[in-house]
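Shown next: data39.cif, given as mmCIF, C-alpha atoms.
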data_run
#
loop_
_atom_site.group_PDB
_atom_site.id
_atom_site.type_symbol
_atom_site.label_atom_id
_atom_site.label_comp_id
_atom_site.auth_asym_id
_atom_site.auth_seq_id
_atom_site.Cartn_x
_atom_site.Cartn_y
_atom_site.Cartn_z
ATOM 1 C CA MET A 1 9.557 0.433 39.046
ATOM 2 C CA THR A 2 7.542 -2.040 41.105
ATOM 3 C CA PRO A 3 6.798 -5.571 39.778
ATOM 4 C CA LEU A 4 3.099 -4.664 39.622
ATOM 5 C CA GLN A 5 3.874 -1.568 37.525
ATOM 6 C CA HIS A 6 6.023 -3.723 35.239
ATOM 7 C CA GLU A 7 3.126 -6.135 34.757
ATOM 8 C CA TYR A 8 0.743 -3.278 33.982
ATOM 9 C CA LEU A 9 3.191 -1.907 31.424
ATOM 10 C CA LEU A 10 3.558 -5.356 29.853
ATOM 11 C CA ALA A 11 -0.238 -5.574 29.622
ATOM 12 C CA LEU A 12 -0.368 -2.132 27.985
ATOM 13 C CA PHE A 13 2.368 -3.125 25.565
ATOM 14 C CA GLY A 14 0.329 -6.234 24.677
ATOM 15 C CA ALA A 15 -2.830 -4.175 24.217
ATOM 16 C CA TYR A 16 -1.123 -1.626 21.951
ATOM 17 C CA THR A 17 0.550 -4.437 19.989
ATOM 18 C CA GLY A 18 -2.891 -5.937 19.427
ATOM 19 C CA LEU A 19 -4.274 -2.578 18.306
ATOM 20 C CA PHE A 20 -1.501 -2.086 15.766
ATOM 21 C CA ILE A 21 -1.889 -5.650 14.437
ATOM 22 C CA ILE A 22 -5.610 -4.938 13.943
ATOM 23 C CA MET A 23 -4.722 -1.651 12.232
ATOM 24 C CA PHE A 24 -2.340 -3.375 9.823
ATOM 25 C CA GLY A 25 -4.995 -6.027 9.212
ATOM 26 C CA PHE A 26 -7.376 -3.251 8.138
ATOM 27 C CA MET A 27 -4.714 -1.853 5.813
ATOM 28 C CA TYR A 28 -4.283 -5.297 4.284
ATOM 29 C CA ARG A 29 -8.037 -5.491 3.740
ATOM 30 C CA MET A 30 -7.980 -2.042 2.124
ATOM 31 C CA LEU A 31 -5.387 -3.326 -0.342
ATOM 32 C CA GLN A 32 -7.505 -6.387 -1.073
ATOM 33 C CA LYS A 33 -10.528 -4.164 -1.661
ATOM 34 C CA SER A 34 -8.499 -1.942 -4.044
ATOM 35 C CA ARG A 35 -7.353 -4.976 -5.984
ATOM 36 C CA LYS A 36 -10.919 -6.301 -6.225
ATOM 37 C CA LEU A 37 -12.238 -2.917 -7.392
ATOM 38 C CA ASP A 38 -9.499 -2.675 -10.048
ATOM 39 C CA HIS A 39 -10.381 -6.181 -11.255
ATOM 40 C CA ASP A 40 -14.131 -5.464 -11.327
ATOM 41 C CA VAL A 41 -13.630 -2.178 -13.211
ATOM 42 C CA LYS A 42 -11.406 -3.945 -15.752
ATOM 43 C CA LEU A 43 -14.056 -6.658 -16.297
ATOM 44 C CA LEU A 44 -16.866 -4.118 -16.602
ATOM 45 C CA LYS A 45 -14.857 -2.032 -19.087
ATOM 46 C CA GLU A 46 -14.203 -5.082 -21.242
ATOM 47 C CA GLU A 47 -17.866 -6.029 -21.108
ATOM 48 C CA TRP A 48 -18.931 -2.485 -21.944
ATOM 49 C CA ILE A 49 -16.553 -2.228 -24.910
ATOM 50 C CA GLU A 50 -17.927 -5.501 -26.328
ATOM 51 C CA GLN A 51 -21.570 -4.591 -25.745
ATOM 52 C CA PRO A 52 -21.921 -1.497 -28.020
ATOM 53 C CA GLU A 53 -20.266 -3.494 -30.837
ATOM 54 C CA ALA A 54 -22.796 -6.294 -30.400
ATOM 55 C CA LEU A 55 -25.602 -3.743 -30.409
ATOM 56 C CA SER A 56 -24.392 -2.104 -33.642
ATOM 57 C CA GLU A 57 -23.999 -5.496 -35.334
ATOM 58 C CA GLN A 58 -27.553 -6.347 -34.340
ATOM 59 C CA GLY A 59 -28.695 -3.001 -35.691
ATOM 60 C CA GLU A 60 -27.116 -3.636 -39.082
ATOM 61 C CA ALA A 61 -28.656 -7.132 -39.345
ATOM 62 C CA ASN A 62 -32.185 -5.921 -38.695
ATOM 63 C CA SER A 63 -32.290 -2.822 -40.856
ATOM 64 C CA ALA A 64 -35.367 -0.616 -41.119
ATOM 65 C CA VAL A 65 -38.538 -2.539 -42.072
ATOM 66 C CA MET A 66 -40.558 -0.719 -44.756
ATOM 67 C CA PRO A 67 -44.303 -1.428 -45.224
ATOM 68 C CA THR A 68 -44.581 -3.469 -48.464
ATOM 69 C CA VAL A 69 -47.088 -5.878 -50.147
ATOM 70 C CA ARG A 70 -45.926 -9.153 -51.733
ATOM 71 C CA GLY A 71 -45.298 -8.715 -55.467
ATOM 72 C CA GLN A 72 -45.475 -4.953 -55.315
ATOM 73 C CA GLY A 73 -42.354 -2.864 -55.067
ATOM 74 C CA MET A 74 -41.881 0.447 -53.447
ATOM 75 C CA GLN A 75 -42.566 2.312 -56.712
ATOM 76 C CA ASP A 76 -46.114 0.800 -57.015
ATOM 77 C CA ALA A 77 -47.176 1.890 -53.606
ATOM 78 C CA MET B 1 -0.808 -17.070 5.931
ATOM 79 C CA LYS B 2 1.146 -17.619 2.708
ATOM 80 C CA ARG B 3 -1.487 -15.630 0.801
ATOM 81 C CA LEU B 4 -1.206 -12.836 3.399
ATOM 82 C CA PHE B 5 2.424 -12.175 2.480
ATOM 83 C CA ALA B 6 2.236 -12.997 -1.220
ATOM 84 C CA LYS B 7 1.459 -9.648 -2.828
ATOM 85 C CA ASP B 8 1.168 -7.168 0.008
ATOM 86 C CA TRP B 9 4.209 -8.190 2.036
ATOM 87 C CA TRP B 10 5.544 -4.629 2.112
ATOM 88 C CA ILE B 11 2.845 -3.313 4.473
ATOM 89 C CA TRP B 12 3.946 -5.838 7.131
ATOM 90 C CA VAL B 13 7.555 -4.593 7.105
ATOM 91 C CA VAL B 14 6.667 -1.557 9.236
ATOM 92 C CA LEU B 15 4.777 -3.559 11.901
ATOM 93 C CA PRO B 16 7.917 -4.970 13.654
ATOM 94 C CA VAL B 17 9.434 -1.451 13.695
ATOM 95 C CA MET B 18 6.294 -0.143 15.380
ATOM 96 C CA LEU B 19 6.328 -3.017 17.879
ATOM 97 C CA VAL B 20 9.991 -2.315 18.772
ATOM 98 C CA ALA B 21 9.062 1.344 19.317
ATOM 99 C CA LEU B 22 6.130 0.306 21.531
ATOM 100 C CA TYR B 23 8.404 -2.011 23.510
ATOM 101 C CA TYR B 24 10.834 0.840 24.121
ATOM 102 C CA ASP B 25 7.961 3.179 25.021
ATOM 103 C CA PHE B 26 6.416 0.856 27.591
ATOM 104 C CA ILE B 27 9.217 -1.374 28.874
ATOM 105 C CA GLY B 28 12.580 0.074 27.791
ATOM 106 C CA SER B 29 12.099 3.645 28.985
ATOM 107 C CA PRO B 30 12.623 4.855 32.571
ATOM 108 C CA ASN B 31 9.954 6.239 34.893
ATOM 109 C CA ASP B 32 9.688 10.013 35.133
ATOM 110 C CA VAL B 33 10.702 11.468 38.511
ATOM 111 C CA GLN B 34 7.435 13.402 38.949
ATOM 112 C CA LEU B 35 4.899 11.570 36.782
ATOM 113 C CA GLY B 36 6.205 8.024 37.222
ATOM 114 C CA ALA B 37 5.124 5.438 34.657
ATOM 115 C CA SER B 38 2.389 7.655 33.190
ATOM 116 C CA ALA B 39 5.013 9.840 31.462
ATOM 117 C CA ARG B 40 5.117 7.149 28.746
ATOM 118 C CA ILE B 41 1.953 8.642 27.237
ATOM 119 C CA LEU B 42 4.247 11.412 26.024
ATOM 120 C CA TYR B 43 6.023 9.197 23.469
ATOM 121 C CA PHE B 44 2.780 8.224 21.783
ATOM 122 C CA HIS B 45 1.502 11.799 22.052
ATOM 123 C CA ILE B 46 4.593 13.426 20.483
ATOM 124 C CA GLY B 47 4.793 10.737 17.784
ATOM 125 C CA SER B 48 1.156 11.395 16.838
ATOM 126 C CA ALA B 49 1.778 15.159 16.819
ATOM 127 C CA ALA B 50 4.792 14.792 14.500
ATOM 128 C CA VAL B 51 2.817 12.656 12.053
ATOM 129 C CA ALA B 52 -0.216 14.969 12.143
ATOM 130 C CA GLY B 53 2.099 17.902 11.330
ATOM 131 C CA ILE B 54 3.650 16.005 8.407
ATOM 132 C CA ALA B 55 0.224 14.845 7.171
ATOM 133 C CA PHE B 56 -1.318 18.330 7.160
ATOM 134 C CA THR B 57 1.800 19.752 5.469
ATOM 135 C CA VAL B 58 1.403 17.128 2.713
ATOM 136 C CA THR B 59 -2.285 18.096 2.445
ATOM 137 C CA ALA B 60 -1.401 21.796 2.133
ATOM 138 C CA ILE B 61 1.269 21.178 -0.543
ATOM 139 C CA ALA B 62 -1.049 18.866 -2.491
ATOM 140 C CA SER B 63 -3.887 21.423 -2.223
ATOM 141 C CA ILE B 64 -1.666 24.129 -3.719
ATOM 142 C CA GLY B 65 -0.688 21.616 -6.407
ATOM 143 C CA TYR B 66 -4.360 20.959 -7.172
ATOM 144 C CA LEU B 67 -5.265 24.650 -7.360
ATOM 145 C CA ILE B 68 -2.410 25.226 -9.841
ATOM 146 C CA GLN B 69 -2.620 22.108 -12.009
ATOM 147 C CA ARG B 70 -6.192 20.838 -11.411
ATOM 148 C CA THR B 71 -5.169 17.183 -11.608
ATOM 149 C CA VAL B 72 -6.837 14.294 -9.761
ATOM 150 C CA ALA B 73 -3.532 13.003 -8.372
ATOM 151 C CA TRP B 74 -3.038 16.132 -6.227
ATOM 152 C CA ASP B 75 -6.575 15.835 -4.847
ATOM 153 C CA ILE B 76 -5.988 12.183 -3.905
ATOM 154 C CA TRP B 77 -2.738 13.095 -2.111
ATOM 155 C CA ALA B 78 -4.489 15.908 -0.210
ATOM 156 C CA ALA B 79 -7.543 13.858 0.780
ATOM 157 C CA ALA B 80 -5.621 10.762 1.897
ATOM 158 C CA SER B 81 -3.182 12.794 3.941
ATOM 159 C CA ALA B 82 -5.964 14.864 5.554
ATOM 160 C CA GLU B 83 -7.810 11.709 6.598
ATOM 161 C CA ILE B 84 -4.740 10.217 8.241
ATOM 162 C CA GLY B 85 -3.786 13.561 9.775
ATOM 163 C CA THR B 86 -7.237 13.826 11.351
ATOM 164 C CA VAL B 87 -6.917 10.318 12.847
ATOM 165 C CA PHE B 88 -3.526 11.230 14.327
ATOM 166 C CA THR B 89 -4.921 14.528 15.654
ATOM 167 C CA THR B 90 -7.647 12.511 17.390
ATOM 168 C CA MET B 91 -4.869 10.412 18.935
ATOM 169 C CA ILE B 92 -3.114 13.610 20.087
ATOM 170 C CA LEU B 93 -6.294 14.866 21.751
ATOM 171 C CA VAL B 94 -7.101 11.533 23.441
ATOM 172 C CA SER B 95 -3.548 10.902 24.709
ATOM 173 C CA GLY B 96 -3.236 14.584 25.681
ATOM 174 C CA THR B 97 -6.388 14.567 27.808
ATOM 175 C CA ILE B 98 -5.243 11.406 29.613
ATOM 176 C CA TRP B 99 -1.816 12.957 30.210
ATOM 177 C CA GLY B 100 -3.477 16.202 31.358
ATOM 178 C CA ARG B 101 -5.520 14.299 33.939
ATOM 179 C CA VAL B 102 -2.338 12.774 35.379
ATOM 180 C CA ALA B 103 -0.055 15.823 35.148
ATOM 181 C CA TRP B 104 -2.449 18.731 35.718
ATOM 182 C CA GLY B 105 -5.327 17.012 37.492
ATOM 183 C CA ALA B 106 -7.814 18.044 34.762
ATOM 184 C CA TRP B 107 -8.997 16.250 31.655
ATOM 185 C CA TRP B 108 -9.239 19.499 29.704
ATOM 186 C CA THR B 109 -8.275 23.148 30.080
ATOM 187 C CA TRP B 110 -8.696 25.923 27.520
ATOM 188 C CA ASP B 111 -4.949 26.254 27.202
ATOM 189 C CA PRO B 112 -3.748 27.892 23.918
ATOM 190 C CA ARG B 113 -2.091 24.651 22.722
ATOM 191 C CA LEU B 114 -5.101 22.480 23.505
ATOM 192 C CA THR B 115 -7.520 24.989 21.976
ATOM 193 C CA ALA B 116 -5.457 25.364 18.783
ATOM 194 C CA THR B 117 -5.274 21.578 18.393
ATOM 195 C CA LEU B 118 -9.023 21.232 18.910
ATOM 196 C CA ILE B 119 -9.670 23.951 16.279
ATOM 197 C CA LEU B 120 -7.386 22.108 13.841
ATOM 198 C CA TRP B 121 -9.268 18.855 14.436
ATOM 199 C CA VAL B 122 -12.674 20.530 13.964
ATOM 200 C CA ILE B 123 -11.637 22.231 10.686
ATOM 201 C CA PHE B 124 -10.235 19.023 9.211
ATOM 202 C CA ALA B 125 -13.314 17.092 10.381
ATOM 203 C CA GLY B 126 -15.315 19.698 8.399
ATOM 204 C CA TYR B 127 -12.981 19.160 5.431
ATOM 205 C CA LEU B 128 -13.700 15.424 5.489
ATOM 206 C CA LEU B 129 -17.457 16.008 5.826
ATOM 207 C CA LEU B 130 -17.384 18.354 2.812
ATOM 208 C CA ARG B 131 -15.680 15.660 0.774
ATOM 209 C CA GLU B 132 -18.398 13.169 1.727
ATOM 210 C CA TRP B 133 -21.305 15.480 0.919
ATOM 211 C CA SER B 134 -20.313 16.756 -2.502
ATOM 212 C CA ASP B 135 -20.697 14.637 -5.653
ATOM 213 C CA ASN B 136 -19.282 17.209 -8.070
ATOM 214 C CA PHE B 137 -15.618 16.260 -8.315
ATOM 215 C CA GLU B 138 -14.162 19.578 -9.449
ATOM 216 C CA ARG B 139 -16.167 21.678 -7.011
ATOM 217 C CA ARG B 140 -15.359 19.301 -4.161
ATOM 218 C CA ALA B 141 -11.641 19.285 -4.925
ATOM 219 C CA THR B 142 -11.468 23.090 -5.254
ATOM 220 C CA TYR B 143 -13.403 23.836 -2.046
ATOM 221 C CA SER B 144 -11.456 21.134 -0.168
ATOM 222 C CA ALA B 145 -8.136 22.625 -1.298
ATOM 223 C CA ILE B 146 -9.192 26.095 -0.126
ATOM 224 C CA ILE B 147 -10.406 24.782 3.259
ATOM 225 C CA ALA B 148 -7.195 22.768 3.692
ATOM 226 C CA LEU B 149 -5.066 25.851 3.083
ATOM 227 C CA ILE B 150 -7.121 27.901 5.555
ATOM 228 C CA ALA B 151 -6.868 25.082 8.124
ATOM 229 C CA TYR B 152 -3.128 24.801 7.599
ATOM 230 C CA ILE B 153 -2.636 28.325 8.967
ATOM 231 C CA ASP B 154 -3.452 26.774 12.355
ATOM 232 C CA VAL B 155 -0.564 24.247 12.157
ATOM 233 C CA PRO B 156 2.369 26.657 12.761
ATOM 234 C CA ILE B 157 0.190 28.618 15.217
ATOM 235 C CA ASP B 158 -0.482 25.363 17.101
ATOM 236 C CA TYR B 159 3.265 24.634 17.205
ATOM 237 C CA MET B 160 4.135 28.133 18.431
ATOM 238 C CA THR B 161 1.313 28.595 21.009
ATOM 239 C CA ILE B 162 3.429 27.306 23.889
ATOM 240 C CA ARG B 163 6.271 29.647 22.864
ATOM 241 C CA TRP B 164 4.193 32.772 22.180
ATOM 242 C CA TRP B 165 1.736 32.614 25.070
ATOM 243 C CA ARG B 166 1.708 31.503 28.679
ATOM 244 C CA SER B 167 0.815 27.817 28.610
ATOM 245 C CA ILE B 168 0.844 24.895 31.028
ATOM 246 C CA HIS B 169 1.862 22.611 28.173
ATOM 247 C CA PRO B 170 5.565 21.602 28.452
ATOM 248 C CA VAL B 171 8.001 22.846 25.781
ATOM 249 C CA ILE B 172 10.195 19.935 24.711
ATOM 250 C CA PHE B 173 11.959 21.426 21.676
ATOM 251 C CA THR B 174 13.618 24.699 22.669
ATOM 252 C CA ASN B 175 16.311 26.910 21.137
ATOM 253 C CA GLN B 176 18.695 25.564 23.783
ATOM 254 C CA GLY B 177 18.045 21.944 22.805
ATOM 255 C CA ILE B 178 15.669 19.123 23.666
ATOM 256 C CA ASN B 179 14.240 19.561 27.133
ATOM 257 C CA MET B 180 14.365 15.875 28.010
ATOM 258 C CA PRO B 181 16.982 13.347 29.244
ATOM 259 C CA VAL B 182 18.617 11.156 26.575
ATOM 260 C CA SER B 183 17.086 7.980 28.040
ATOM 261 C CA MET B 184 13.648 9.481 27.250
ATOM 262 C CA GLN B 185 14.704 10.954 23.906
ATOM 263 C CA ILE B 186 15.476 7.505 22.438
ATOM 264 C CA PRO B 187 11.929 6.093 22.824
ATOM 265 C CA MET B 188 10.493 9.474 21.789
ATOM 266 C CA PHE B 189 12.412 9.595 18.484
ATOM 267 C CA LEU B 190 11.850 5.873 17.941
ATOM 268 C CA SER B 191 8.132 6.455 18.356
ATOM 269 C CA MET B 192 8.207 9.437 15.969
ATOM 270 C CA GLY B 193 10.132 7.429 13.356
ATOM 271 C CA ALA B 194 7.926 4.351 13.592
ATOM 272 C CA MET B 195 4.725 6.393 13.394
ATOM 273 C CA THR B 196 6.061 8.270 10.366
ATOM 274 C CA LEU B 197 6.649 4.902 8.673
ATOM 275 C CA VAL B 198 3.086 3.863 9.571
ATOM 276 C CA PHE B 199 1.907 7.119 7.980
ATOM 277 C CA ILE B 200 3.842 6.375 4.752
ATOM 278 C CA VAL B 201 2.383 2.854 4.475
ATOM 279 C CA TRP B 202 -1.106 4.086 5.331
ATOM 280 C CA MET B 203 -0.832 6.819 2.680
ATOM 281 C CA ALA B 204 0.203 4.302 0.016
ATOM 282 C CA VAL B 205 -2.688 1.977 0.913
ATOM 283 C CA ARG B 206 -5.305 4.741 1.146
ATOM 284 C CA MET B 207 -4.243 6.399 -2.113
ATOM 285 C CA ARG B 208 -4.395 3.051 -3.883
ATOM 286 C CA LEU B 209 -7.979 2.544 -2.662
ATOM 287 C CA MET B 210 -8.954 6.096 -3.645
ATOM 288 C CA ARG B 211 -7.625 5.566 -7.187
ATOM 289 C CA ALA B 212 -9.579 2.297 -7.441
ATOM 290 C CA GLU B 213 -12.765 4.048 -6.241
ATOM 291 C CA LEU B 214 -12.178 6.794 -8.789
ATOM 292 C CA GLY B 215 -11.960 4.137 -11.495
ATOM 293 C CA VAL B 216 -15.483 2.975 -10.556
ATOM 294 C CA VAL B 217 -16.802 6.562 -10.655
ATOM 295 C CA ASP B 218 -15.166 7.183 -14.072
ATOM 296 C CA LEU B 219 -16.683 4.022 -15.520
ATOM 297 C CA LYS B 220 -20.105 4.898 -14.091
ATOM 298 C CA ASN B 221 -19.935 8.383 -15.630
ATOM 299 C CA ALA B 222 -18.799 7.009 -19.005
ATOM 300 C CA ILE B 223 -21.711 4.529 -19.111
ATOM 301 C CA ARG B 224 -24.186 7.206 -17.999
ATOM 302 C CA SER B 225 -23.051 9.667 -20.678
ATOM 303 C CA HIS B 226 -23.235 6.871 -23.287
ATOM 304 C CA ILE B 227 -26.809 5.947 -22.259
ATOM 305 C CA GLU B 228 -27.956 9.563 -22.133
ATOM 306 C CA GLY B 229 -26.624 10.087 -25.640
#
Using structure tokens, write down the structure from this file.
Amino acid sequence: MTPLQHEYLLALFGAYTGLFIIMFGFMYRMLQKSRKLDHDVKLLKEEWIEQPEALSEQGEANSAVMPTVRGQGMQDA
Amino acid sequence: MKRLFAKDWWIWVVLPVMLVALYYDFIGSPNDVQLGASARILYFHIGSAAVAGIAFTVTAIASIGYLIQRTVAWDIWAAASAEIGTVFTTMILVSGTIWGRVAWGAWWTWDPRLTATLILWVIFAGYLLLREWSDNFERRATYSAIIALIAYIDVPIDYMTIRWWRSIHPVIFTNQGINMPVSMQIPMFLSMGAMTLVFIVWMAVRMRLMRAELGVVDLKNAIRSHIEG
């Protein structure tokens, strides 16, 4: 192997090393994205579970409004 | 840097193994008598081929599993493995064409091995496109499993092409042994081992992301069905 060939091979080794470091960096980012998605889904689920309860409580507080006149009950109408 | 290794340290364990394999491939291995330094493409090429074979076998097993049990986990295994297998098949084709230019003087010939590999790549590219286009989970998973099983027929054919038919592609693994000197076998097996480890890590990471994405879809569907009554 000539010294020039050796240098070329070293350069190729460096280039491939760089490529694999980038590849592992992408994998790390994929893991971060997974973790963020899991966290967001958990938050949204919690929010969604609380929301229907709040809606039903609100519904019970403001029950159906019947048309009435002051001093006259439902039977008079 | 500290944060980088805090939770996901395990993915970085494989990187030094891969770098050692690359060092052996490029610096530690001898020149080939006929091809000189360019023979080193072979280590990367064979490593990619081994991983693609493993990946598509995992896809086929998981596809059978899905068709029998109809569970999401099997579909995730199949899809993740098919994606990675397709990337490694692309690497086979790219490194193979470069090696072909050096060894045969042509970037591409319609040799049985090359043609079978190209067919495999095209079918799995179609598989991945189908997964992107369909929104119906069950239909997508069923059709994908069927396509994967059809595509998998090409894997043993691809392996046997150079044994069954006249081919210019070299046969490394023969019934008489490995058709390669020991000094070249070491970087070859090192490359195969390191790439298999990369495949395992990649699978774990990709499946994790797929499960997280599925969680978003499930939540979206639950909210939609709640709103629609």
Problem set entry | Test item: which residues lie within 12 Å of (-14.0, 6.7, -1.3) counting all atoms listed in the file, as a PyMOL selection string | (chain A and resi 30+33-34+37) or (chain B and resi 76+79-80+83+128+131-135+137+206-217)
Could you list, as a compact mmCIF listing (two decimals) with C-alpha atoms, in the frame of the given file, every residue matched by the PyMOL selection byres ((chain A) within 8 of (chain B)) in this structure?
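Ended up saving to part_35.txt:
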# COMPACT_ATOMS: atom_id res chain seq x y z
CA MET A 1 9.56 0.43 39.05
CA GLN A 5 3.87 -1.57 37.52
CA HIS A 6 6.02 -3.72 35.24
CA LEU A 9 3.19 -1.91 31.42
CA LEU A 10 3.56 -5.36 29.85
CA LEU A 12 -0.37 -2.13 27.98
CA PHE A 13 2.37 -3.12 25.56
CA TYR A 16 -1.12 -1.63 21.95
CA THR A 17 0.55 -4.44 19.99
CA PHE A 20 -1.50 -2.09 15.77
CA ILE A 21 -1.89 -5.65 14.44
CA PHE A 24 -2.34 -3.38 9.82
CA MET A 27 -4.71 -1.85 5.81
CA TYR A 28 -4.28 -5.30 4.28
CA MET A 30 -7.98 -2.04 2.12
CA LEU A 31 -5.39 -3.33 -0.34
CA LYS A 33 -10.53 -4.16 -1.66
CA SER A 34 -8.50 -1.94 -4.04
CA ARG A 35 -7.35 -4.98 -5.98
CA LEU A 37 -12.24 -2.92 -7.39
CA ASP A 38 -9.50 -2.68 -10.05
CA VAL A 41 -13.63 -2.18 -13.21
CA LYS A 45 -14.86 -2.03 -19.09
Exercise. Expanded to explicit residues, what is the PyMOL selection byres ((chain B and resi 122) around 12) for this file, as a VMD selection string?
Worked result: chain B and resid 86 to 87 89 to 90 93 115 to 121 123 to 129 147 to 148 151 154
Exercise. Can you list, as a ChimeraX atom specification, the residues that the PyMOL selection byres ((chain B and resi 102-114) around 10) selects here?
Worked result: /B:34-36,38-39,92-94,96-101,115-120,157-169
Keeping only C-alpha atoms, write those residues as a compact mmCIF listing (two decimals), in the coordinates of the input.
# COMPACT_ATOMS: atom_id res chain seq x y z
CA GLN B 34 7.44 13.40 38.95
CA LEU B 35 4.90 11.57 36.78
CA GLY B 36 6.20 8.02 37.22
CA SER B 38 2.39 7.66 33.19
CA ALA B 39 5.01 9.84 31.46
CA ILE B 92 -3.11 13.61 20.09
CA LEU B 93 -6.29 14.87 21.75
CA VAL B 94 -7.10 11.53 23.44
CA GLY B 96 -3.24 14.58 25.68
CA THR B 97 -6.39 14.57 27.81
CA ILE B 98 -5.24 11.41 29.61
CA TRP B 99 -1.82 12.96 30.21
CA GLY B 100 -3.48 16.20 31.36
CA ARG B 101 -5.52 14.30 33.94
CA THR B 115 -7.52 24.99 21.98
CA ALA B 116 -5.46 25.36 18.78
CA THR B 117 -5.27 21.58 18.39
CA LEU B 118 -9.02 21.23 18.91
CA ILE B 119 -9.67 23.95 16.28
CA LEU B 120 -7.39 22.11 13.84
CA ILE B 157 0.19 28.62 15.22
CA ASP B 158 -0.48 25.36 17.10
CA TYR B 159 3.26 24.63 17.20
CA MET B 160 4.14 28.13 18.43
CA THR B 161 1.31 28.60 21.01
CA ILE B 162 3.43 27.31 23.89
CA ARG B 163 6.27 29.65 22.86
CA TRP B 164 4.19 32.77 22.18
CA TRP B 165 1.74 32.61 25.07
CA ARG B 166 1.71 31.50 28.68
CA SER B 167 0.82 27.82 28.61
CA ILE B 168 0.84 24.90 31.03
CA HIS B 169 1.86 22.61 28.17
Using all atoms listed in the file, which protein or nucleic acid residues come within 7 Å of stretch 183-190 of chain B? Drop anything in the same chain fewer than 3 positions from it, and give the result as a PDB file with C-alpha atoms, in the frame of the given file.
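Output below, filename result34.pdb:
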ATOM      1  CA  ALA B  21       9.062   1.344  19.317  1.00  0.00           C
ATOM      2  CA  TYR B  24      10.834   0.840  24.121  1.00  0.00           C
ATOM      3  CA  ASP B  25       7.961   3.179  25.021  1.00  0.00           C
ATOM      4  CA  SER B  29      12.099   3.645  28.985  1.00  0.00           C
ATOM      5  CA  TYR B  43       6.023   9.197  23.469  1.00  0.00           C
ATOM      6  CA  MET B 180      14.365  15.875  28.010  1.00  0.00           C
ATOM      7  CA  GLY B 193      10.132   7.429  13.356  1.00  0.00           C
ATOM      8  CA  ALA B 194       7.926   4.351  13.592  1.00  0.00           C
TER       9      ALA B 194
END
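Atom pair atom CA of B:Met91 / atom CA of B:Ser144: separated by 22.9 Å.
Atom CA of A:Tyr8 is found 25.9 Å from atom CA of B:Pro170.
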For this session: Between atom CA of B:Pro156 and atom CA of B:Gly53, measure the distance and give it in Å to one decimal.
Result: 8.9 Å
